[in-house]
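**Q** Got a file for you: final_10.pdb, PDB, C-alpha atoms, pLDDT in the B column.
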ATOM      1  CA  MET A   1      16.985  -3.679  37.155  1.00 81.00           C
ATOM      2  CA  ASN A   2      16.036  -0.177  36.079  1.00 84.00           C
ATOM      3  CA  LEU A   3      13.226   0.122  33.527  1.00 88.00           C
ATOM      4  CA  THR A   4      12.917   3.188  31.276  1.00 88.00           C
ATOM      5  CA  LYS A   5      10.030   3.782  28.889  1.00 91.00           C
ATOM      6  CA  VAL A   6      10.499   4.689  25.237  1.00 92.00           C
ATOM      7  CA  GLY A   7      10.316   8.483  25.016  1.00 91.00           C
ATOM      8  CA  GLU A   8      12.172   9.104  28.276  1.00 94.00           C
ATOM      9  CA  GLY A   9      15.642   9.057  26.708  1.00 95.00           C
ATOM     10  CA  LYS A  10      17.881  12.068  27.236  1.00 97.00           C
ATOM     11  CA  VAL A  11      19.819  13.982  24.591  1.00 97.00           C
ATOM     12  CA  VAL A  12      22.365  16.680  25.429  1.00 97.00           C
ATOM     13  CA  LEU A  13      24.161  18.953  22.964  1.00 97.00           C
ATOM     14  CA  ILE A  14      27.769  19.008  24.135  1.00 97.00           C
ATOM     15  CA  ALA A  15      29.318  21.073  21.341  1.00 95.00           C
ATOM     16  CA  GLY A  16      28.262  22.818  18.148  1.00 93.00           C
ATOM     17  CA  GLY A  17      26.323  25.879  17.117  1.00 87.00           C
ATOM     18  CA  GLY A  18      26.986  29.462  18.130  1.00 85.00           C
ATOM     19  CA  ARG A  19      29.453  30.609  15.510  1.00 86.00           C
ATOM     20  CA  VAL A  20      28.552  28.730  12.328  1.00 87.00           C
ATOM     21  CA  TYR A  21      31.336  28.111   9.798  1.00 87.00           C
ATOM     22  CA  THR A  22      29.216  27.111   6.820  1.00 90.00           C
ATOM     23  CA  ASP A  23      29.181  30.675   5.499  1.00 86.00           C
ATOM     24  CA  LEU A  24      32.942  30.985   6.052  1.00 86.00           C
ATOM     25  CA  ALA A  25      33.569  27.803   4.073  1.00 86.00           C
ATOM     26  CA  ALA A  26      31.318  29.003   1.252  1.00 84.00           C
ATOM     27  CA  ARG A  27      32.878  32.468   1.054  1.00 84.00           C
ATOM     28  CA  PHE A  28      36.387  31.044   1.194  1.00 85.00           C
ATOM     29  CA  THR A  29      35.934  29.425  -2.216  1.00 80.00           C
ATOM     30  CA  ARG A  30      34.571  32.543  -3.973  1.00 77.00           C
ATOM     31  CA  SER A  31      35.624  35.641  -2.047  1.00 77.00           C
ATOM     32  CA  GLU A  32      38.548  37.884  -2.991  1.00 77.00           C
ATOM     33  CA  LYS A  33      39.174  38.486   0.712  1.00 79.00           C
ATOM     34  CA  GLY A  34      42.054  36.771   2.469  1.00 80.00           C
ATOM     35  CA  LEU A  35      41.542  34.061   5.071  1.00 81.00           C
ATOM     36  CA  ILE A  36      42.336  36.311   8.051  1.00 83.00           C
ATOM     37  CA  GLU A  37      39.846  38.922   6.853  1.00 81.00           C
ATOM     38  CA  LEU A  38      37.192  36.272   6.358  1.00 79.00           C
ATOM     39  CA  LEU A  39      37.759  34.927   9.846  1.00 82.00           C
ATOM     40  CA  ALA A  40      37.261  38.390  11.304  1.00 80.00           C
ATOM     41  CA  SER A  41      34.001  38.997   9.440  1.00 82.00           C
ATOM     42  CA  GLU A  42      30.568  38.529  10.995  1.00 83.00           C
ATOM     43  CA  GLN A  43      28.398  35.506  10.391  1.00 81.00           C
ATOM     44  CA  ASP A  44      26.131  35.948   7.363  1.00 85.00           C
ATOM     45  CA  ALA A  45      22.714  34.451   8.147  1.00 89.00           C
ATOM     46  CA  ARG A  46      21.370  35.209   4.669  1.00 91.00           C
ATOM     47  CA  LEU A  47      24.225  33.331   3.013  1.00 89.00           C
ATOM     48  CA  ILE A  48      23.719  30.333   5.292  1.00 90.00           C
ATOM     49  CA  ARG A  49      20.025  30.150   4.411  1.00 92.00           C
ATOM     50  CA  ALA A  50      20.782  30.622   0.720  1.00 91.00           C
ATOM     51  CA  ILE A  51      23.201  27.669   0.853  1.00 89.00           C
ATOM     52  CA  ILE A  52      20.489  25.506   2.443  1.00 90.00           C
ATOM     53  CA  ASP A  53      17.828  26.670  -0.023  1.00 89.00           C
ATOM     54  CA  LYS A  54      20.016  25.938  -3.047  1.00 88.00           C
ATOM     55  CA  GLY A  55      21.117  22.556  -1.742  1.00 86.00           C
ATOM     56  CA  HIS A  56      24.842  23.411  -1.939  1.00 85.00           C
ATOM     57  CA  LEU A  57      25.518  21.490   1.251  1.00 90.00           C
ATOM     58  CA  ALA A  58      29.236  20.740   0.981  1.00 92.00           C
ATOM     59  CA  ALA A  59      29.974  23.844   3.070  1.00 91.00           C
ATOM     60  CA  THR A  60      27.761  22.545   5.895  1.00 94.00           C
ATOM     61  CA  GLU A  61      30.272  19.768   6.537  1.00 94.00           C
ATOM     62  CA  PHE A  62      32.483  22.303   8.340  1.00 93.00           C
ATOM     63  CA  ASP A  63      30.033  22.634  11.226  1.00 95.00           C
ATOM     64  CA  TYR A  64      30.231  19.768  13.682  1.00 96.00           C
ATOM     65  CA  PHE A  65      27.864  18.826  16.497  1.00 97.00           C
ATOM     66  CA  LEU A  66      28.521  16.524  19.441  1.00 97.00           C
ATOM     67  CA  PHE A  67      25.688  14.936  21.433  1.00 97.00           C
ATOM     68  CA  GLY A  68      25.434  12.756  24.505  1.00 97.00           C
ATOM     69  CA  VAL A  69      22.534  10.288  24.673  1.00 97.00           C
ATOM     70  CA  GLU A  70      21.292   7.900  27.322  1.00 95.00           C
ATOM     71  CA  GLY A  71      18.074   6.064  28.066  1.00 94.00           C
ATOM     72  CA  TYR A  72      17.806   4.428  24.616  1.00 96.00           C
ATOM     73  CA  SER A  73      17.807   0.725  23.774  1.00 95.00           C
ATOM     74  CA  ARG A  74      20.098  -1.397  21.634  1.00 94.00           C
ATOM     75  CA  VAL A  75      17.258  -1.547  19.116  1.00 94.00           C
ATOM     76  CA  THR A  76      17.872   2.141  18.491  1.00 94.00           C
ATOM     77  CA  GLU A  77      21.656   1.734  18.681  1.00 94.00           C
ATOM     78  CA  ALA A  78      21.522  -0.711  15.753  1.00 92.00           C
ATOM     79  CA  GLN A  79      19.518   1.778  13.671  1.00 91.00           C
ATOM     80  CA  LEU A  80      21.659   4.724  14.713  1.00 92.00           C
ATOM     81  CA  VAL A  81      25.024   3.321  13.628  1.00 89.00           C
ATOM     82  CA  ARG A  82      23.740   2.674  10.094  1.00 84.00           C
ATOM     83  CA  LYS A  83      24.574   6.332   9.484  1.00 75.00           C
ATOM     84  CA  ARG A  84      28.122   6.066   8.197  1.00 73.00           C
ATOM     85  CA  LEU A  85      29.145   9.729   8.227  1.00 84.00           C
ATOM     86  CA  ALA A  86      29.200   9.982  11.998  1.00 91.00           C
ATOM     87  CA  SER A  87      31.392   9.171  14.993  1.00 93.00           C
ATOM     88  CA  TYR A  88      30.171   7.008  17.868  1.00 93.00           C
ATOM     89  CA  LEU A  89      31.628   6.168  21.243  1.00 93.00           C
ATOM     90  CA  ILE A  90      29.426   3.597  23.015  1.00 91.00           C
ATOM     91  CA  LYS A  91      29.743   3.290  26.783  1.00 87.00           C
ATOM     92  CA  SER A  92      30.597  -0.213  27.973  1.00 84.00           C
ATOM     93  CA  GLY A  93      27.644  -2.189  29.289  1.00 78.00           C
ATOM     94  CA  ARG A  94      29.868  -4.318  31.499  1.00 75.00           C
ATOM     95  CA  ILE A  95      30.188  -1.811  34.315  1.00 73.00           C
ATOM     96  CA  GLN A  96      29.483  -1.815  38.023  1.00 68.00           C
ATOM     97  CA  LYS A  97      26.513   0.237  39.244  1.00 68.00           C
ATOM     98  CA  LYS A  98      26.464   0.884  43.004  1.00 64.00           C
ATOM     99  CA  GLY A  99      28.364  -2.341  43.560  1.00 62.00           C
ATOM    100  CA  ARG A 100      26.169  -4.375  41.219  1.00 69.00           C
ATOM    101  CA  ARG A 101      26.162  -5.117  37.519  1.00 73.00           C
ATOM    102  CA  SER A 102      24.255  -2.624  35.401  1.00 77.00           C
ATOM    103  CA  PHE A 103      21.080  -4.141  33.940  1.00 84.00           C
ATOM    104  CA  ASP A 104      19.044  -1.222  32.608  1.00 90.00           C
ATOM    105  CA  VAL A 105      16.399  -1.700  29.942  1.00 93.00           C
ATOM    106  CA  VAL A 106      14.180   0.487  27.746  1.00 94.00           C
ATOM    107  CA  LEU A 107      10.741  -0.733  26.662  1.00 94.00           C
ATOM    108  CA  PRO A 108       7.711   0.577  24.745  1.00 92.00           C
ATOM    109  CA  GLU A 109       4.476   1.013  26.689  1.00 89.00           C
ATOM    110  CA  GLY A 110       2.581  -2.234  27.343  1.00 88.00           C
ATOM    111  CA  ILE A 111       5.293  -4.704  26.337  1.00 90.00           C
ATOM    112  CA  ALA A 112       6.391  -5.705  29.838  1.00 90.00           C
ATOM    113  CA  GLU A 113       2.809  -6.409  30.937  1.00 92.00           C
ATOM    114  CA  HIS A 114       2.128  -8.826  28.093  1.00 93.00           C
ATOM    115  CA  THR A 115       1.903 -12.439  29.312  1.00 93.00           C
ATOM    116  CA  CYS A 116       1.786 -15.814  27.588  1.00 94.00           C
ATOM    117  CA  ARG A 117       1.903 -19.468  28.564  1.00 94.00           C
ATOM    118  CA  CYS A 118       5.353 -20.881  27.845  1.00 91.00           C
ATOM    119  CA  LYS A 119       6.693 -24.434  28.006  1.00 90.00           C
ATOM    120  CA  LEU A 120      10.173 -24.996  29.438  1.00 88.00           C
ATOM    121  CA  ASN A 121      12.581 -27.652  28.151  1.00 90.00           C
ATOM    122  CA  ASN A 122      11.575 -29.970  31.006  1.00 91.00           C
ATOM    123  CA  GLY A 123       7.926 -29.718  29.984  1.00 89.00           C
ATOM    124  CA  THR A 124       6.852 -27.366  32.760  1.00 92.00           C
ATOM    125  CA  GLU A 125       4.348 -24.741  31.663  1.00 91.00           C
ATOM    126  CA  LEU A 126       4.440 -21.251  33.120  1.00 92.00           C
ATOM    127  CA  GLU A 127       2.515 -18.014  32.639  1.00 93.00           C
ATOM    128  CA  ILE A 128       5.298 -15.505  31.924  1.00 93.00           C
ATOM    129  CA  SER A 129       5.188 -11.745  31.442  1.00 94.00           C
ATOM    130  CA  GLY A 130       7.736  -9.428  29.879  1.00 92.00           C
ATOM    131  CA  TYR A 131       8.776  -8.429  33.402  1.00 92.00           C
ATOM    132  CA  ASP A 132       9.403 -12.094  34.209  1.00 93.00           C
ATOM    133  CA  ILE A 133      11.609 -12.548  31.153  1.00 93.00           C
ATOM    134  CA  LEU A 134      13.721  -9.524  32.105  1.00 93.00           C
ATOM    135  CA  THR A 135      13.977 -10.604  35.755  1.00 93.00           C
ATOM    136  CA  LEU A 136      14.999 -14.155  34.841  1.00 93.00           C
ATOM    137  CA  THR A 137      17.546 -12.890  32.318  1.00 93.00           C
ATOM    138  CA  GLU A 138      19.111 -10.571  34.908  1.00 92.00           C
ATOM    139  CA  GLN A 139      19.351 -13.391  37.451  1.00 93.00           C
ATOM    140  CA  TRP A 140      20.802 -15.752  34.833  1.00 93.00           C
ATOM    141  CA  TYR A 141      23.345 -13.131  33.733  1.00 91.00           C
ATOM    142  CA  ASN A 142      24.490 -12.316  37.288  1.00 90.00           C
ATOM    143  CA  SER A 143      24.790 -16.023  38.078  1.00 92.00           C
ATOM    144  CA  GLY A 144      27.057 -16.458  35.069  1.00 92.00           C
ATOM    145  CA  VAL A 145      29.255 -13.580  36.213  1.00 89.00           C
ATOM    146  CA  GLU A 146      29.530 -15.088  39.684  1.00 90.00           C
ATOM    147  CA  LYS A 147      30.590 -18.427  38.173  1.00 93.00           C
ATOM    148  CA  GLY A 148      33.327 -16.700  36.195  1.00 92.00           C
ATOM    149  CA  LEU A 149      31.805 -17.013  32.731  1.00 92.00           C
ATOM    150  CA  LEU A 150      32.985 -14.387  30.268  1.00 90.00           C
ATOM    151  CA  GLU A 151      30.654 -11.401  29.987  1.00 87.00           C
ATOM    152  CA  GLU A 152      31.585 -11.240  26.300  1.00 88.00           C
ATOM    153  CA  ASP A 153      29.729 -14.547  26.023  1.00 92.00           C
ATOM    154  CA  LEU A 154      26.953 -13.919  28.554  1.00 90.00           C
ATOM    155  CA  ARG A 155      25.817 -10.734  26.814  1.00 89.00           C
ATOM    156  CA  TYR A 156      24.716 -12.799  23.806  1.00 92.00           C
ATOM    157  CA  LEU A 157      21.501 -13.419  25.734  1.00 93.00           C
ATOM    158  CA  LYS A 158      21.045  -9.869  26.983  1.00 91.00           C
ATOM    159  CA  PRO A 159      17.828  -8.383  25.536  1.00 92.00           C
ATOM    160  CA  GLU A 160      17.717  -5.863  22.717  1.00 93.00           C
ATOM    161  CA  ALA A 161      15.964  -3.680  25.283  1.00 94.00           C
ATOM    162  CA  THR A 162      19.300  -3.186  27.100  1.00 93.00           C
ATOM    163  CA  GLU A 163      20.085   0.502  27.453  1.00 93.00           C
ATOM    164  CA  PHE A 164      23.052   2.035  25.656  1.00 92.00           C
ATOM    165  CA  LYS A 165      24.753   5.357  26.323  1.00 93.00           C
ATOM    166  CA  ALA A 166      26.862   7.092  23.719  1.00 95.00           C
ATOM    167  CA  LEU A 167      28.583  10.157  22.372  1.00 97.00           C
ATOM    168  CA  ILE A 168      27.492  10.960  18.814  1.00 96.00           C
ATOM    169  CA  GLY A 169      29.285  13.334  16.468  1.00 96.00           C
ATOM    170  CA  MET A 170      27.919  14.450  13.092  1.00 96.00           C
ATOM    171  CA  ASN A 171      28.550  17.359  10.795  1.00 96.00           C
ATOM    172  CA  ALA A 172      25.604  19.509   9.758  1.00 96.00           C
ATOM    173  CA  HIS A 173      25.339  17.901   6.307  1.00 95.00           C
ATOM    174  CA  ALA A 174      25.036  14.434   7.838  1.00 95.00           C
ATOM    175  CA  LEU A 175      22.520  15.713  10.386  1.00 96.00           C
ATOM    176  CA  LEU A 176      20.323  17.349   7.747  1.00 95.00           C
ATOM    177  CA  ASP A 177      20.257  14.068   5.859  1.00 94.00           C
ATOM    178  CA  TRP A 178      19.653  12.020   9.022  1.00 94.00           C
ATOM    179  CA  PHE A 179      16.762  14.224  10.161  1.00 95.00           C
ATOM    180  CA  LYS A 180      15.006  13.683   6.816  1.00 94.00           C
ATOM    181  CA  ILE A 181      14.803   9.957   7.492  1.00 93.00           C
ATOM    182  CA  ARG A 182      14.596   9.650  11.261  1.00 95.00           C
ATOM    183  CA  CYS A 183      12.152  12.517  11.955  1.00 95.00           C
ATOM    184  CA  CYS A 184       9.696  10.971   9.502  1.00 94.00           C
ATOM    185  CA  GLN A 185       6.599   9.324  10.995  1.00 93.00           C
ATOM    186  CA  ASN A 186       7.689   6.089   9.304  1.00 93.00           C
ATOM    187  CA  ALA A 187      10.754   5.937  11.557  1.00 93.00           C
ATOM    188  CA  GLN A 188      10.599   3.632  14.574  1.00 94.00           C
ATOM    189  CA  ALA A 189       9.231   5.475  17.633  1.00 94.00           C
ATOM    190  CA  GLU A 190      12.384   5.435  19.761  1.00 96.00           C
ATOM    191  CA  ILE A 191      14.870   6.645  17.163  1.00 96.00           C
ATOM    192  CA  ARG A 192      12.332   9.251  16.009  1.00 96.00           C
ATOM    193  CA  ASP A 193      12.200  10.494  19.608  1.00 97.00           C
ATOM    194  CA  MET A 194      15.986  10.819  19.614  1.00 97.00           C
ATOM    195  CA  ALA A 195      16.028  12.571  16.228  1.00 97.00           C
ATOM    196  CA  TRP A 196      13.445  15.192  17.212  1.00 97.00           C
ATOM    197  CA  LYS A 197      15.259  15.927  20.479  1.00 98.00           C
ATOM    198  CA  MET A 198      18.520  16.359  18.556  1.00 97.00           C
ATOM    199  CA  LEU A 199      16.775  18.560  15.981  1.00 97.00           C
ATOM    200  CA  ARG A 200      15.300  20.881  18.626  1.00 97.00           C
ATOM    201  CA  LEU A 201      18.758  21.333  20.150  1.00 97.00           C
ATOM    202  CA  CYS A 202      20.252  22.056  16.722  1.00 97.00           C
ATOM    203  CA  LYS A 203      17.578  24.631  15.917  1.00 96.00           C
ATOM    204  CA  GLN A 204      18.323  26.411  19.182  1.00 96.00           C
ATOM    205  CA  ALA A 205      22.084  26.326  18.671  1.00 95.00           C
ATOM    206  CA  ALA A 206      22.189  27.155  14.935  1.00 95.00           C
ATOM    207  CA  PRO A 207      18.735  28.334  13.743  1.00 94.00           C
ATOM    208  CA  ASP A 208      19.921  29.559  10.324  1.00 94.00           C
ATOM    209  CA  LEU A 209      21.629  26.269   9.582  1.00 94.00           C
ATOM    210  CA  PHE A 210      18.659  24.096  10.551  1.00 96.00           C
ATOM    211  CA  TYR A 211      15.689  26.337   9.746  1.00 92.00           C
ATOM    212  CA  GLN A 212      14.422  23.875   7.106  1.00 90.00           C
ATOM    213  CA  ALA A 213      15.583  20.718   8.876  1.00 94.00           C
ATOM    214  CA  GLY A 214      13.183  17.904   9.658  1.00 94.00           C
ATOM    215  CA  PRO A 215      11.524  15.055   7.770  1.00 93.00           C
ATOM    216  CA  SER A 216      11.886  15.089   3.982  1.00 90.00           C
ATOM    217  CA  CYS A 217       8.446  16.616   3.466  1.00 89.00           C
ATOM    218  CA  VAL A 218       9.524  19.808   5.274  1.00 86.00           C
ATOM    219  CA  SER A 219      12.110  20.773   2.648  1.00 82.00           C
ATOM    220  CA  LEU A 220      10.508  19.033  -0.347  1.00 86.00           C
ATOM    221  CA  GLY A 221       6.928  20.099   0.201  1.00 87.00           C
ATOM    222  CA  TYR A 222       5.701  16.583  -0.548  1.00 88.00           C
ATOM    223  CA  CYS A 223       6.059  13.080   0.907  1.00 88.00           C
ATOM    224  CA  PRO A 224       8.578  10.979  -1.070  1.00 89.00           C
ATOM    225  CA  GLU A 225       7.325   7.731   0.490  1.00 87.00           C
ATOM    226  CA  ASN A 226       4.403   7.343  -1.977  1.00 86.00           C
ATOM    227  CA  ASP A 227       2.807   3.920  -1.266  1.00 87.00           C
ATOM    228  CA  PHE A 228       4.756   3.706   1.998  1.00 87.00           C
ATOM    229  CA  GLN A 229       3.454   7.029   3.288  1.00 86.00           C
ATOM    230  CA  ASN A 230       2.551   6.828   6.961  1.00 88.00           C
ATOM    231  CA  LYS A 231      -1.200   6.781   7.580  1.00 87.00           C
ATOM    232  CA  ASN A 232      -0.825   9.730   9.972  1.00 85.00           C
ATOM    233  CA  CYS A 233       0.975  11.843   7.370  1.00 82.00           C
ATOM    234  CA  HIS A 234      -1.297  14.137   5.366  1.00 83.00           C
ATOM    235  CA  VAL A 235       1.346  15.803   3.178  1.00 87.00           C
ATOM    236  CA  ILE A 236       0.756  15.426  -0.565  1.00 87.00           C
ATOM    237  CA  ARG A 237       2.487  12.363  -2.022  1.00 84.00           C
ATOM    238  CA  LYS A 238       5.327  12.708  -4.522  1.00 86.00           C
ATOM    239  CA  ASP A 239       3.484  10.911  -7.318  1.00 85.00           C
ATOM    240  CA  ARG A 240       0.447  13.185  -6.855  1.00 83.00           C
ATOM    241  CA  ALA A 241       2.666  16.292  -6.774  1.00 81.00           C
ATOM    242  CA  LEU A 242       4.264  15.211 -10.077  1.00 84.00           C
ATOM    243  CA  GLU A 243       0.806  14.712 -11.623  1.00 84.00           C
ATOM    244  CA  ILE A 244      -0.191  18.246 -10.658  1.00 81.00           C
ATOM    245  CA  LEU A 245       3.068  19.610 -12.088  1.00 80.00           C
ATOM    246  CA  LYS A 246       2.530  17.772 -15.387  1.00 82.00           C
ATOM    247  CA  GLN A 247      -1.015  19.102 -15.624  1.00 81.00           C
ATOM    248  CA  TYR A 248       0.241  22.611 -15.014  1.00 75.00           C
ATOM    249  CA  LYS A 249       2.879  22.287 -17.745  1.00 70.00           C
ATOM    250  CA  ASN A 250       0.293  20.918 -20.204  1.00 70.00           C
ATOM    251  CA  GLU A 251      -1.974  23.889 -19.545  1.00 66.00           C
ATOM    252  CA  GLU A 252       0.753  26.432 -20.308  1.00 60.00           C
ATOM    253  CA  PRO A 253       0.123  28.414 -23.517  1.00 59.00           C
TER     254      PRO A 253
END
Written as structure tokens, that's how I'd like the structure from this file.

**A**
Amino acid sequence: MNLTKVGEGKVVLIAGGGRVYTDLAARFTRSEKGLIELLASEQDARLIRAIIDKGHLAATEFDYFLFGVEGYSRVTEAQLVRKRLASYLIKSGRIQKKGRRSFDVVLPEGIAEHTCRCKLNNGTELEISGYDILTLTEQWYNSGVEKGLLEEDLRYLKPEATEFKALIGMNAHALLDWFKIRCCQNAQAEIRDMAWKMLRLCKQAAPDLFYQAGPSCVSLGYCPENDFQNKNCHVIRKDRALEILKQYKNEEP
């Protein structure tokens, strides 16, 4: 068994960035120039930023980014695939690893060390840690494989901590939306780790396209969570920002 800690997951940008096509898509709809002439023109950073600032994001759907991720748990996989405007290719977990079945897990700090007294079905009481649970599960799983039980059935008892590896494809519009939610401090720690690593790669590859990307408060200037605002977030709440705006309007001559 190989144990990885939350925060040690790897994210690689496989494709995307460099020449950005958001400005091309935007100019195509309004410019008098022909398509060939537009294709030959230089990238317009000011236009890209203007599109982002104005929120006219349809053109950003013509820039696509492909990532490879590994070292994340199925807990994060379940949250990740809730994003519908994306493509996912999940690597099979039923693979051989150096002649043995792969049984890799990802855990938050301190979980594996936690122990409790448990009672088995036969009445025996044992002091069991998180490590013990993982070790017993691995042994149970491998025993089932050796006896010829279907892995499709055995994996029902594999832990949510089981590592997944995947290819993820999203266009820039979907990424901008995803970063707003998953970079927020309210997001679960592991998927937030993935989101920030993806965001840093995007900013390096296409800085004009992602210059305002991040949690919602970055582009909005306030926290839209209101009563659900994370205790570590010190950005002004939406309801308070609206109060200030109303006061300002009432004070106008």

**Q** Smallest atom-to-atom distance to A:Leu66: which of A:Asn122, A:Ala205, A:Asp227, A:Gly169, using all atoms listed in the file?

**A**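 Among A:Asn122, A:Ala205, A:Asp227, A:Gly169, it is A:Gly169 that comes nearest to A:Leu66.
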
**Q** May I ask for the distance between atom CA of A:Pro215 and atom CA of A:Cys183, given in Å to one decimal place?

**A** 4.9 Å

**Q** Here is a test: counting all atoms listed in the file, which residue of A:Glu243, A:Glu8, A:Glu125, A:Asp63 is nearest to A:Tyr21?

**A**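 Residue with the minimum atom-to-atom distance to A:Tyr21: A:Asp63.
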
**Q** Residues near stretch 128-145 of chain A, anyone? I mean within 6 Å using only C-alpha atoms, not counting same-chain ones fewer than 6 positions away, as a ChimeraX atom specification.

**A** /A:112-116

**Q** Let me know the residues the PyMOL selection byres ((chain A and resi 224) around 12) catches in the file above, as a PyMOL selection string.

**A** chain A and resi 180-181+184+186+215-223+225-230+233+235-242
